[in-house]
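Single-structure report; data block below.
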Amino acid sequence: MAERGQLPPAAKRLCCRPGYGSGCRPGQRAGGAGPGSGALCAGPSSAVAAAALGLLPLGKTQSPESLLDIAARKVAEKWPFQRVEERFERIPEPVQRRIVYWSFPRSEREICMYSSFNTGAEDPAVGPGGAATAPGGAADAVAAADENRLPFRRGIALLDGGCVDNVLQVGFHLSGTVTEPAMQSEPETVCNVAISFDRCKITSVTCSCGNKDIFYCAHVVALSLYRIRKPDQVKLHLPISETLFQMNRDQLQKFVQYLITVHHTEVLPTAQKLADEILSQNSEINQVHGAPDPTAGASIDDENCWHLDEEQVQEQVKLFLSQGGYHGSGKQLNLLFAKVREMLKMRDSNGARMLTLITEQFMADPRLSLWRQQGTAMTDKYRQLWDELGALWMCIVLNPHCKLEQKASWLKQLKKWNSVDVCPWEDGNHGNELPNLTNALPQGANANQDSSNRPHRTVFTRAIEACDLHWQDSHLQHIISSDLYTNYCYHDDTENSLFDSHGWPLWHEHVPTACARVDALRSHGYPREALRLAIAIVNTLRRQQQKQLEMFRAQKKELLHRGVTSITNLEGWVGHPLDPVGTLFSSLMEACRVDDESFHGFSDFTENMGHCKSLEYQHLPAHKFLEEGESYLTLAVEVALIGLGQQRIMPDGLYAQEKVCRNEEQLISKLQEIELDDTLVKIFRKQAVFLLEAGPYSGLGEVVHRESVPMHTFAKYLFTSLLPHDAELAYKTALRAMRLLVLESTAPSGDLSRPHHIASVVPNRYPRWFTLSHIESQQCELASTMLTAAKGDVRRLETVLESIQKNIHSSSHIFKLAQDAFKIATLMDSLPDITLLKVSLELGLQVMRMTLSTLNWRRREMVRWLVTCATEVGVYALDSIMQNWFTLFTPTEATSIVATTVMSNSTIVRLHLDCHQQEKLAGSARTLALQCAMKDPQNCALSALTLCEKDHIAFETAYQIVLDAATTGMSYSQLFTIARYMEHRGYPMRAYKLATLAMTHLNLSYNQDTHPAINDVLWACALSHSLGKNELAAIIPLVVKSVKCATVLSDILRRCTLTTPGMVGLHGRRNSGKLMSLDKAPLRQLLDATIGAYINTTHSRLTHISPRHYSEFIEFLSKARETFLMAHDGHIQFTQFIDNLKQIYKGKKKLMMLVRERFG
């Protein structure tokens, strides 16, 4: 609240002396409070009044309350003081005093509401007797510290600390000073506080502290509580105008002069101005009778409502929105919404005022147009705030006691917001083209066509539609007003009958709309009425459920034969914008945990608000319209199960689909807080059986629409809840829920002409399932839960495995299940469960088959895991995967991972294999290796040779496969690798053979002097040289043909001239044999090729050479000269070569100058 330091408004209305003139009594309004009407006050201000109201125990009263006080209290609550003055020509002073006395608020509840956020069970509150009550226990220390910073708590502390002084009540105006104690860095300050009030409501506040906030400051709280708790210590005077009436002219002059003297610096200019105007006959001030009196109470036309600083509400909301959800702004906005609900519950008209202010700021948020222009969605948290905004407007327009003019005003405002382009749509993404269901009812005959014809439904559409609803239906009135409304003679058993077979009332209305009524009743402080309507709705749903079951049983054979179904509910109740199931559940659960008195509505604030309610839910005594043994708790659980099990279409759009998932999880989370007893287990059994047998009305029916919302999350909860009590039913329910028809190539559909076919890429479907990955993960969780529970039960494990293989289409999820089953089967504290291990292996094999021909970044991990799993199962499993490798693995995986791991020492030791078993596995591995080498020699040949080393025939076969593939399918790098392997294994001639084959595939150009194959070429030449002259002579022509790089050729040439062929080991040990001549083959051929390569490379370089490469080029020519000089006539050749260069490239003067300097 912005309590500024200036004076309050000059007056509420004009007052004049009795008999002054004929028009003086009905004074005119000079200023006043804002519009609205507020809640009634509860609670007395003294022990006497408390006793009279029956709020103190017998024997504690001092004396009966006087008739004057009773009458004055009622008048003070209901009548503006001007009406009292007009009704009676003369009001005795004692009567005026009592009316003024009782006009101040008597309940601390509203003071608390306007000075603190409602934080749930730990609301800042006042304990019995007026003492401050903080939450008990060390666990609440942090919450208590936060509470103590709230204005209400601080106000109590100031009051208890004796900081309130100079309290004076003049008519309907209260003033006083509140001393703020000195802090470490702040000196003691004294705040001047002024409060105006009317009909038990504070209508304006000012405080010199200058605090700007939505709430009253602590000083206003302290002064207000002082007046409520210590009314007899407050000096009370009649309105100042009444005192002035009693003065004569001399007294009035003295009064004015003294007033000016005391405050001359502040009021002297104003006093002189007023004096001038009064003395002027034609001045405006002389045109009216009487004068303003800020202490005289309200005018007849003043609306009676609590003071709310509208400017501060707008500023705070604007600030929170500008922070974009950071710094806790989302939480602050939710607290503001909770404050609106709190006001509605107190039947305070400021609830609607405050929501209007909040909505205006939301609509003015500049991000709305930005997001619309960019086509981006708003954040999820921000979207939820809009949802709450829409739901609150629904509550407000459904207020059962609002006036028609109020509703018309709200409707006009809602339509205005609704017509703005940037107004958010209901489903968050695009328009929901469902019919106007709220108005497609008997009550909605005169439905608002403007909203129903809009292309998009906005967050306000439902509130606009709800403006056409009313509460005048006599059947509805009877339901909400009486616990005894029955008709035992009613025998109409039609679908829309008003009573059931018990004679209990039913309420047939579009379920979300009916539940919105329940929410509205709760929100406006009518919990009893809300509960009665909730029970009628649930009884209607249960009866409808039974009728649906009977209807399906009559048509079951035909429907199952056709294999099709249709969605019976266009709008699902879970994830619905109005949250009908959540509303019913909350209403009934609230009745389980509140005492009978406080549930009536307004109980005494000081008795109840300070104590945290226990969240333990109990089976309270049955309501009249419940079956024997039932309670509000059983009813709440049952309606939640009904809603969760409803077959419903998956909505369009990302946000709407996420909301379905989120609301389902929230509702299940609330159910999980309830401890199941025998009574609740019966409800679970009953609903599970119904869901399995109810056909198209249930999400767990035998045949469901392919677009219906999957039941995995709900079924997992049902499964875990039922398992200890009825395992057969639990498994039956969970197995039925495993299906995910939207991923099936053909699935039951409402279209009778043809089945739906979908492409392998799911996102191309229409409508798109944006939450499909989440749904599949929930399906996986359900399967994992069943696998865990079925450990040790062979029959159940086989059934679950079959269901997984049939229904789960994601390889990553099946792999996760395989891993889960493996972990459960091999827990450290027990022997391995061989059946579960086999399930794990079977799932792993399915993953291998699914991912064999598709790219999967986890494939290598999956293959390694499968081998580990097969190892745990036993030697026969390893043998089996090797014999069937082609259906499970690529050739590379089979040889490099599978067979290699199986043949490792660690596997042999792990399985304690004997020689026979080892040989059998080795035989399978060799067969696998040869098959893989045949299929993919490029990648598997080396692994095949390695695996076949110990078997001569297999090794020769693998070598022959390499030779056969060498001429066609293998690259030089693969052949070089295998050749080096052969040399390492002691097969130099085979290595040489493979090296020559590799050389035929190689081609090194003049500028590839850093090519990775150079080392292989040098190694091949060294190998040939070591084997003898013939081998060297055979490979050199291949080198000359394949290698055009001069530096590489010169390196080979130099190495060949250093040692004798066949006389040097590969590791450089020299022998004294005869060196080969450069003038004869094969080295002459190599020398000529090298010189030719240098010449060609030189010309190539000079074509595009730049000055910065000149020095490098000169060094290159120096190396070339060394090679030229190895020839018999090399000197002459090099000189001719240089001369040619000078002639051809004489234009490159600087370069040729450098050539002459070095080479002449």
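FYI, nothing fancy with the structure tokens labels: chains A, B, ... in order, residues from 1 per chain, ligands from 1 as they appear.
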Please provide the set of residues having any atom within 9 Å of range 920-923 of chain A, restricted to only C-alpha atoms, with same-chain residues fewer than 3 positions apart removed, written as a PDB file with all heavy atoms, in the first residue's frame.
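Output file around-v3.pdb follows:
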ATOM      1  N   VAL A 875      27.408 -70.173 -21.461  1.00  0.00           N
ATOM      2  CA  VAL A 875      28.159 -70.445 -22.678  1.00  0.00           C
ATOM      3  C   VAL A 875      27.248 -70.682 -23.868  1.00  0.00           C
ATOM      4  O   VAL A 875      27.564 -70.297 -25.002  1.00  0.00           O
ATOM      5  CB  VAL A 875      29.113 -71.646 -22.449  1.00  0.00           C
ATOM      6  CG1 VAL A 875      28.332 -72.935 -22.209  1.00  0.00           C
ATOM      7  CG2 VAL A 875      30.050 -71.823 -23.632  1.00  0.00           C
ATOM      8  N   LEU A 878      26.329 -67.361 -25.485  1.00  0.00           N
ATOM      9  CA  LEU A 878      27.423 -66.812 -26.295  1.00  0.00           C
ATOM     10  C   LEU A 878      27.525 -67.548 -27.625  1.00  0.00           C
ATOM     11  O   LEU A 878      27.698 -66.934 -28.687  1.00  0.00           O
ATOM     12  CB  LEU A 878      28.745 -66.930 -25.522  1.00  0.00           C
ATOM     13  CG  LEU A 878      28.917 -66.012 -24.312  1.00  0.00           C
ATOM     14  CD1 LEU A 878      30.200 -66.353 -23.573  1.00  0.00           C
ATOM     15  CD2 LEU A 878      28.935 -64.549 -24.744  1.00  0.00           C
ATOM     16  N   ASP A 879      27.440 -68.865 -27.577  1.00  0.00           N
ATOM     17  CA  ASP A 879      27.508 -69.668 -28.797  1.00  0.00           C
ATOM     18  C   ASP A 879      26.364 -69.305 -29.742  1.00  0.00           C
ATOM     19  O   ASP A 879      26.540 -69.187 -30.955  1.00  0.00           O
ATOM     20  CB  ASP A 879      27.468 -71.156 -28.433  1.00  0.00           C
ATOM     21  CG  ASP A 879      27.870 -72.031 -29.612  1.00  0.00           C
ATOM     22  OD1 ASP A 879      28.881 -71.713 -30.258  1.00  0.00           O
ATOM     23  OD2 ASP A 879      27.149 -73.005 -29.884  1.00  0.00           O
ATOM     24  N   MET A 882      26.831 -65.969 -31.541  1.00  0.00           N
ATOM     25  CA  MET A 882      27.857 -66.050 -32.596  1.00  0.00           C
ATOM     26  C   MET A 882      27.341 -66.810 -33.809  1.00  0.00           C
ATOM     27  O   MET A 882      27.626 -66.457 -34.954  1.00  0.00           O
ATOM     28  CB  MET A 882      29.132 -66.691 -32.049  1.00  0.00           C
ATOM     29  CG  MET A 882      29.927 -65.754 -31.137  1.00  0.00           C
ATOM     30  SD  MET A 882      31.615 -66.276 -30.853  1.00  0.00           S
ATOM     31  CE  MET A 882      31.363 -67.783 -29.931  1.00  0.00           C
ATOM     32  N   ALA A 899      33.232 -61.606 -31.110  1.00  0.00           N
ATOM     33  CA  ALA A 899      34.122 -62.775 -31.098  1.00  0.00           C
ATOM     34  C   ALA A 899      35.377 -62.502 -30.283  1.00  0.00           C
ATOM     35  O   ALA A 899      35.854 -63.373 -29.543  1.00  0.00           O
ATOM     36  CB  ALA A 899      34.482 -63.156 -32.525  1.00  0.00           C
ATOM     37  N   VAL A 902      34.453 -62.737 -26.610  1.00  0.00           N
ATOM     38  CA  VAL A 902      34.160 -64.130 -26.246  1.00  0.00           C
ATOM     39  C   VAL A 902      35.450 -64.940 -26.103  1.00  0.00           C
ATOM     40  O   VAL A 902      35.578 -65.780 -25.210  1.00  0.00           O
ATOM     41  CB  VAL A 902      33.226 -64.772 -27.300  1.00  0.00           C
ATOM     42  CG1 VAL A 902      33.090 -66.277 -27.056  1.00  0.00           C
ATOM     43  CG2 VAL A 902      31.856 -64.112 -27.260  1.00  0.00           C
ATOM     44  N   MET A 903      36.432 -64.675 -26.960  1.00  0.00           N
ATOM     45  CA  MET A 903      37.688 -65.442 -26.941  1.00  0.00           C
ATOM     46  C   MET A 903      38.690 -64.918 -25.927  1.00  0.00           C
ATOM     47  O   MET A 903      39.780 -65.493 -25.782  1.00  0.00           O
ATOM     48  CB  MET A 903      38.322 -65.411 -28.334  1.00  0.00           C
ATOM     49  CG  MET A 903      37.498 -66.115 -29.402  1.00  0.00           C
ATOM     50  SD  MET A 903      37.175 -67.839 -29.000  1.00  0.00           S
ATOM     51  CE  MET A 903      38.827 -68.498 -29.036  1.00  0.00           C
ATOM     52  N   CYS A 915      38.228 -77.495 -21.527  1.00  0.00           N
ATOM     53  CA  CYS A 915      38.869 -77.467 -22.851  1.00  0.00           C
ATOM     54  C   CYS A 915      37.861 -77.689 -23.975  1.00  0.00           C
ATOM     55  O   CYS A 915      37.921 -77.030 -25.023  1.00  0.00           O
ATOM     56  CB  CYS A 915      39.961 -78.550 -22.923  1.00  0.00           C
ATOM     57  SG  CYS A 915      41.336 -78.197 -21.818  1.00  0.00           S
ATOM     58  N   HIS A 916      36.950 -78.594 -23.759  1.00  0.00           N
ATOM     59  CA  HIS A 916      35.960 -78.897 -24.790  1.00  0.00           C
ATOM     60  C   HIS A 916      35.087 -77.679 -25.068  1.00  0.00           C
ATOM     61  O   HIS A 916      34.829 -77.338 -26.231  1.00  0.00           O
ATOM     62  CB  HIS A 916      35.092 -80.087 -24.329  1.00  0.00           C
ATOM     63  CG  HIS A 916      33.966 -80.388 -25.276  1.00  0.00           C
ATOM     64  ND1 HIS A 916      34.171 -80.950 -26.524  1.00  0.00           N
ATOM     65  CD2 HIS A 916      32.621 -80.179 -25.163  1.00  0.00           C
ATOM     66  CE1 HIS A 916      33.001 -81.086 -27.143  1.00  0.00           C
ATOM     67  NE2 HIS A 916      32.048 -80.625 -26.334  1.00  0.00           N
ATOM     68  N   GLN A 917      34.652 -77.024 -24.007  1.00  0.00           N
ATOM     69  CA  GLN A 917      33.806 -75.840 -24.173  1.00  0.00           C
ATOM     70  C   GLN A 917      34.581 -74.699 -24.839  1.00  0.00           C
ATOM     71  O   GLN A 917      34.054 -73.996 -25.700  1.00  0.00           O
ATOM     72  CB  GLN A 917      33.272 -75.379 -22.810  1.00  0.00           C
ATOM     73  CG  GLN A 917      32.238 -76.321 -22.208  1.00  0.00           C
ATOM     74  CD  GLN A 917      31.871 -75.918 -20.785  1.00  0.00           C
ATOM     75  OE1 GLN A 917      32.741 -75.520 -19.994  1.00  0.00           O
ATOM     76  NE2 GLN A 917      30.595 -76.040 -20.446  1.00  0.00           N
ATOM     77  N   ARG A 926      35.748 -68.766 -35.004  1.00  0.00           N
ATOM     78  CA  ARG A 926      36.463 -68.840 -36.290  1.00  0.00           C
ATOM     79  C   ARG A 926      35.488 -68.860 -37.468  1.00  0.00           C
ATOM     80  O   ARG A 926      35.701 -68.191 -38.479  1.00  0.00           O
ATOM     81  CB  ARG A 926      37.377 -70.079 -36.320  1.00  0.00           C
ATOM     82  CG  ARG A 926      38.608 -69.943 -35.430  1.00  0.00           C
ATOM     83  CD  ARG A 926      39.600 -71.045 -35.705  1.00  0.00           C
ATOM     84  NE  ARG A 926      39.133 -72.353 -35.269  1.00  0.00           N
ATOM     85  CZ  ARG A 926      39.362 -72.883 -34.054  1.00  0.00           C
ATOM     86  NH1 ARG A 926      40.058 -72.187 -33.171  1.00  0.00           N
ATOM     87  NH2 ARG A 926      38.912 -74.075 -33.740  1.00  0.00           N
ATOM     88  N   THR A 927      34.426 -69.641 -37.308  1.00  0.00           N
ATOM     89  CA  THR A 927      33.413 -69.677 -38.372  1.00  0.00           C
ATOM     90  C   THR A 927      32.830 -68.287 -38.594  1.00  0.00           C
ATOM     91  O   THR A 927      32.675 -67.838 -39.739  1.00  0.00           O
ATOM     92  CB  THR A 927      32.286 -70.656 -37.985  1.00  0.00           C
ATOM     93  OG1 THR A 927      32.860 -71.941 -37.747  1.00  0.00           O
ATOM     94  CG2 THR A 927      31.254 -70.752 -39.091  1.00  0.00           C
ATOM     95  N   LEU A 928      32.514 -67.601 -37.488  1.00  0.00           N
ATOM     96  CA  LEU A 928      31.990 -66.224 -37.556  1.00  0.00           C
ATOM     97  C   LEU A 928      32.994 -65.324 -38.267  1.00  0.00           C
ATOM     98  O   LEU A 928      32.631 -64.544 -39.158  1.00  0.00           O
ATOM     99  CB  LEU A 928      31.714 -65.718 -36.139  1.00  0.00           C
ATOM    100  CG  LEU A 928      31.298 -64.249 -35.936  1.00  0.00           C
ATOM    101  CD1 LEU A 928      30.402 -64.137 -34.707  1.00  0.00           C
ATOM    102  CD2 LEU A 928      32.492 -63.340 -35.738  1.00  0.00           C
ATOM    103  N   LEU A 947      41.735 -64.037 -35.194  1.00  0.00           N
ATOM    104  CA  LEU A 947      40.916 -65.060 -34.533  1.00  0.00           C
ATOM    105  C   LEU A 947      41.260 -66.472 -35.021  1.00  0.00           C
ATOM    106  O   LEU A 947      41.038 -67.443 -34.292  1.00  0.00           O
ATOM    107  CB  LEU A 947      39.421 -64.764 -34.789  1.00  0.00           C
ATOM    108  CG  LEU A 947      38.855 -63.558 -34.044  1.00  0.00           C
ATOM    109  CD1 LEU A 947      37.509 -63.138 -34.635  1.00  0.00           C
ATOM    110  CD2 LEU A 947      38.682 -63.866 -32.558  1.00  0.00           C
ATOM    111  N   CYS A 948      41.790 -66.587 -36.261  1.00  0.00           N
ATOM    112  CA  CYS A 948      42.069 -67.914 -36.840  1.00  0.00           C
ATOM    113  C   CYS A 948      43.531 -68.340 -36.698  1.00  0.00           C
ATOM    114  O   CYS A 948      43.950 -69.366 -37.270  1.00  0.00           O
ATOM    115  CB  CYS A 948      41.691 -67.922 -38.322  1.00  0.00           C
ATOM    116  SG  CYS A 948      39.932 -67.697 -38.613  1.00  0.00           S
TER     117      CYS A 948
END
Problem set entry | Near-Asp301 in chain A list (9 Å; only C-alpha atoms; drop same-chain fewer than 2 positions) as a PyMOL selection string | chain A and resi 29+80+298-299+303
Generate the output file for the selected residues, N, CA and C atoms, as a short mmCIF file (atom, residue, chain, number, x, y, z; two decimals), in the first residue's frame.
data_model
loop_
_atom_site.label_atom_id
_atom_site.label_comp_id
_atom_site.auth_asym_id
_atom_site.auth_seq_id
_atom_site.Cartn_x
_atom_site.Cartn_y
_atom_site.Cartn_z
N ARG A 29 -21.76 14.68 -1.77
CA ARG A 29 -20.47 13.98 -1.67
C ARG A 29 -19.34 14.87 -2.17
N PRO A 80 -24.50 3.45 5.97
CA PRO A 80 -23.60 4.61 5.97
C PRO A 80 -24.16 5.66 6.93
N ALA A 298 -19.42 7.84 5.99
CA ALA A 298 -19.66 7.68 4.56
C ALA A 298 -20.93 8.34 4.09
N SER A 299 -20.93 8.69 2.79
CA SER A 299 -22.15 9.15 2.13
C SER A 299 -22.97 7.93 1.71
N GLU A 303 -19.48 3.45 -2.03
CA GLU A 303 -19.45 1.98 -1.96
C GLU A 303 -18.56 1.57 -0.80
#
For this session: Just the residues within 7 Å of range 1119-1133 of chain A, please, counting only C-alpha atoms, with nothing from its chain fewer than 6 positions along; format it as a PyMOL selection string.
Result: chain A and resi 1050+1091+1094
Residues from the last selection, C-alpha atoms, saved as a PDB file, in the first residue's frame:
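The file below, again.pdb, is the result:
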ATOM      1  CA  SER A1050      65.083 -39.968 -53.421  1.00  0.00           C
ATOM      2  CA  ILE A1091      65.458 -37.199 -61.469  1.00  0.00           C
ATOM      3  CA  TYR A1094      62.530 -33.482 -59.474  1.00  0.00           C
TER       4      TYR A1094
END
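The closest residue to Val75 in chain A, picked from A:Trp102, A:Tyr1110, A:Trp425, A:Tyr1145 and counting only C-alpha atoms, is A:Trp102.
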For this session: Using DSSP on the backbone coordinates, identify the residues of range 77-317 of chain A assigned to strand (DSSP E or B); present them as a ChimeraX atom specification.
Result: /A:126,132,164-170,173-180,189-198,201-207,235-237,291-293
For this session: Can you pull out every residue within 12 Å of Val689 in chain A, counting only C-alpha atoms, but drop anything in the same chain fewer than 3 positions away, and send it as a PyMOL selection string?
Result: chain A and resi 545-546+549+641-642+645+682-686+692-695+698+700-701+718+722+726+728-730+732-733+736
Since we have the selection now, will you write its residues out, keeping N, CA and C atoms, as a compact mmCIF listing (two decimals), in the first residue's frame?
# COMPACT_ATOMS: atom_id res chain seq x y z
N GLN A 545 -21.25 -43.87 -15.24
CA GLN A 545 -20.28 -44.93 -15.45
C GLN A 545 -20.96 -46.29 -15.55
N GLN A 546 -21.90 -46.52 -14.64
CA GLN A 546 -22.62 -47.80 -14.64
C GLN A 546 -23.47 -47.94 -15.90
N LEU A 549 -21.26 -48.82 -18.83
CA LEU A 549 -20.85 -50.22 -18.79
C LEU A 549 -21.96 -51.11 -19.34
N LEU A 641 -9.85 -41.44 -9.83
CA LEU A 641 -9.64 -42.63 -10.66
C LEU A 641 -10.53 -42.59 -11.90
N ILE A 642 -11.77 -42.12 -11.73
CA ILE A 642 -12.68 -42.00 -12.88
C ILE A 642 -12.09 -41.05 -13.93
N GLY A 645 -8.90 -42.38 -15.68
CA GLY A 645 -9.14 -43.52 -16.56
C GLY A 645 -10.01 -43.21 -17.76
N LYS A 682 -10.88 -51.38 -1.99
CA LYS A 682 -12.12 -51.80 -2.65
C LYS A 682 -12.47 -50.84 -3.80
N ILE A 683 -12.27 -49.55 -3.56
CA ILE A 683 -12.52 -48.55 -4.60
C ILE A 683 -11.59 -48.79 -5.79
N PHE A 684 -10.33 -49.06 -5.48
CA PHE A 684 -9.35 -49.32 -6.55
C PHE A 684 -9.76 -50.55 -7.36
N ARG A 685 -10.16 -51.60 -6.67
CA ARG A 685 -10.58 -52.82 -7.37
C ARG A 685 -11.79 -52.53 -8.27
N LYS A 686 -12.76 -51.84 -7.70
CA LYS A 686 -13.99 -51.55 -8.44
C LYS A 686 -13.68 -50.76 -9.71
N LEU A 692 -11.31 -51.85 -17.19
CA LEU A 692 -10.98 -52.95 -18.10
C LEU A 692 -12.18 -53.38 -18.94
N GLU A 693 -13.39 -53.17 -18.41
CA GLU A 693 -14.59 -53.71 -19.07
C GLU A 693 -15.44 -52.67 -19.78
N ALA A 694 -15.06 -51.38 -19.66
CA ALA A 694 -15.98 -50.32 -20.11
C ALA A 694 -15.82 -49.92 -21.56
N GLY A 695 -15.02 -50.63 -22.33
CA GLY A 695 -14.95 -50.37 -23.75
C GLY A 695 -14.55 -48.95 -24.10
N SER A 698 -13.55 -46.04 -21.53
CA SER A 698 -12.37 -46.16 -20.66
C SER A 698 -11.10 -46.15 -21.50
N LEU A 700 -8.66 -47.79 -20.72
CA LEU A 700 -8.13 -49.15 -20.61
C LEU A 700 -9.10 -50.18 -21.21
N GLY A 701 -10.07 -49.71 -22.01
CA GLY A 701 -11.00 -50.62 -22.66
C GLY A 701 -10.29 -51.53 -23.66
N LEU A 718 -1.79 -47.42 -10.59
CA LEU A 718 -2.76 -48.48 -10.28
C LEU A 718 -2.05 -49.79 -9.96
N LEU A 722 -2.37 -51.70 -6.45
CA LEU A 722 -3.13 -52.95 -6.38
C LEU A 722 -2.26 -54.17 -6.11
N ASP A 726 -4.12 -57.40 -4.95
CA ASP A 726 -4.73 -58.19 -6.01
C ASP A 726 -3.78 -58.19 -7.20
N GLU A 728 -3.24 -60.27 -9.64
CA GLU A 728 -3.78 -60.63 -10.95
C GLU A 728 -4.41 -59.41 -11.63
N LEU A 729 -5.21 -58.67 -10.87
CA LEU A 729 -5.86 -57.47 -11.41
C LEU A 729 -4.81 -56.40 -11.73
N ALA A 730 -3.80 -56.30 -10.89
CA ALA A 730 -2.74 -55.30 -11.11
C ALA A 730 -2.04 -55.55 -12.44
N LYS A 732 -3.13 -57.36 -14.98
CA LYS A 732 -4.08 -57.25 -16.08
C LYS A 732 -4.25 -55.79 -16.50
N THR A 733 -4.34 -54.92 -15.52
CA THR A 733 -4.49 -53.48 -15.79
C THR A 733 -3.24 -52.92 -16.47
N ARG A 736 -2.73 -54.19 -20.08
CA ARG A 736 -3.67 -53.56 -21.00
C ARG A 736 -3.19 -52.15 -21.36
Problem set entry | Within 12 Å of range 1035-1038 of chain A using only C-alpha atoms, minus same-chain residues under 3 positions, as number ranges by chain | A: 992-1004, 1017-1025, 1027-1032, 1041-1044, 1049, 1052-1053, 1056, 1081-1090
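Across the structure, CA of Ser280 in chain A and CA of Ile260 in chain A are spaced 20.9 Å apart.
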For this session: Give me every helix (DSSP H, G or I) residue in range 183-279 of chain A, going by DSSP on the backbone, as a ChimeraX atom specification.
Result: /A:218-229,231-233,240-245,249-262,264-279
For this session: Can you pull out every residue within 6 Å of range 814-818 of chain A, counting only C-alpha atoms, but drop anything in the same chain fewer than 3 positions away, and send it as number ranges by chain?
Result: A: 784, 811, 821, 840, 843-844
Can you write out the residues you just picked, keeping all heavy atoms, as an mmCIF file, in the first residue's frame?
data_model
loop_
_atom_site.group_PDB
_atom_site.id
_atom_site.type_symbol
_atom_site.label_atom_id
_atom_site.label_comp_id
_atom_site.auth_asym_id
_atom_site.auth_seq_id
_atom_site.Cartn_x
_atom_site.Cartn_y
_atom_site.Cartn_z
ATOM 1 N N SER A 784 9.194 -51.407 -16.795
ATOM 2 C CA SER A 784 10.266 -51.656 -15.821
ATOM 3 C C SER A 784 9.692 -52.005 -14.446
ATOM 4 O O SER A 784 10.197 -52.888 -13.746
ATOM 5 C CB SER A 784 11.169 -50.419 -15.716
ATOM 6 O OG SER A 784 12.214 -50.641 -14.818
ATOM 7 N N SER A 811 13.997 -48.403 -29.652
ATOM 8 C CA SER A 811 15.136 -49.264 -29.303
ATOM 9 C C SER A 811 15.829 -48.796 -28.026
ATOM 10 O O SER A 811 16.264 -49.613 -27.206
ATOM 11 C CB SER A 811 16.131 -49.289 -30.450
ATOM 12 O OG SER A 811 16.583 -47.976 -30.750
ATOM 13 N N ALA A 821 16.412 -54.954 -16.295
ATOM 14 C CA ALA A 821 16.197 -56.365 -15.966
ATOM 15 C C ALA A 821 17.499 -57.033 -15.567
ATOM 16 O O ALA A 821 17.545 -57.841 -14.630
ATOM 17 C CB ALA A 821 15.580 -57.078 -17.174
ATOM 18 N N SER A 840 16.220 -60.290 -20.007
ATOM 19 C CA SER A 840 17.158 -59.217 -20.327
ATOM 20 C C SER A 840 17.866 -59.500 -21.645
ATOM 21 O O SER A 840 17.983 -58.619 -22.512
ATOM 22 C CB SER A 840 18.182 -59.082 -19.193
ATOM 23 O OG SER A 840 19.156 -58.127 -19.510
ATOM 24 N N LEU A 843 15.481 -59.137 -24.642
ATOM 25 C CA LEU A 843 15.265 -57.726 -24.968
ATOM 26 C C LEU A 843 16.495 -57.141 -25.664
ATOM 27 O O LEU A 843 16.376 -56.354 -26.612
ATOM 28 C CB LEU A 843 14.951 -56.929 -23.694
ATOM 29 C CG LEU A 843 13.601 -57.237 -23.040
ATOM 30 C CD1 LEU A 843 13.497 -56.525 -21.694
ATOM 31 C CD2 LEU A 843 12.447 -56.807 -23.937
ATOM 32 N N GLY A 844 17.670 -57.537 -25.182
ATOM 33 C CA GLY A 844 18.907 -57.078 -25.816
ATOM 34 C C GLY A 844 19.007 -57.538 -27.257
ATOM 35 O O GLY A 844 19.419 -56.768 -28.149
#
For this session: Would you mind listing what lies within 10 Å of range 366-373 of chain A as a VMD selection string, with only C-alpha atoms counted and same-chain residues fewer than 6 positions away left out?
Result: chain A and resid 321 to 322 324 421 to 424
For this session: Go ahead and compute the interatomic distance for CA of Glu664 in chain A and CA of Ser721 in chain A, in Å to one decimal.
Result: 16.2 Å
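Taking only C-alpha atoms into account, Thr359 in chain A lies nearest to A:Leu414 out of the set A:Leu414, A:Leu930, A:Leu911, A:Ala408.
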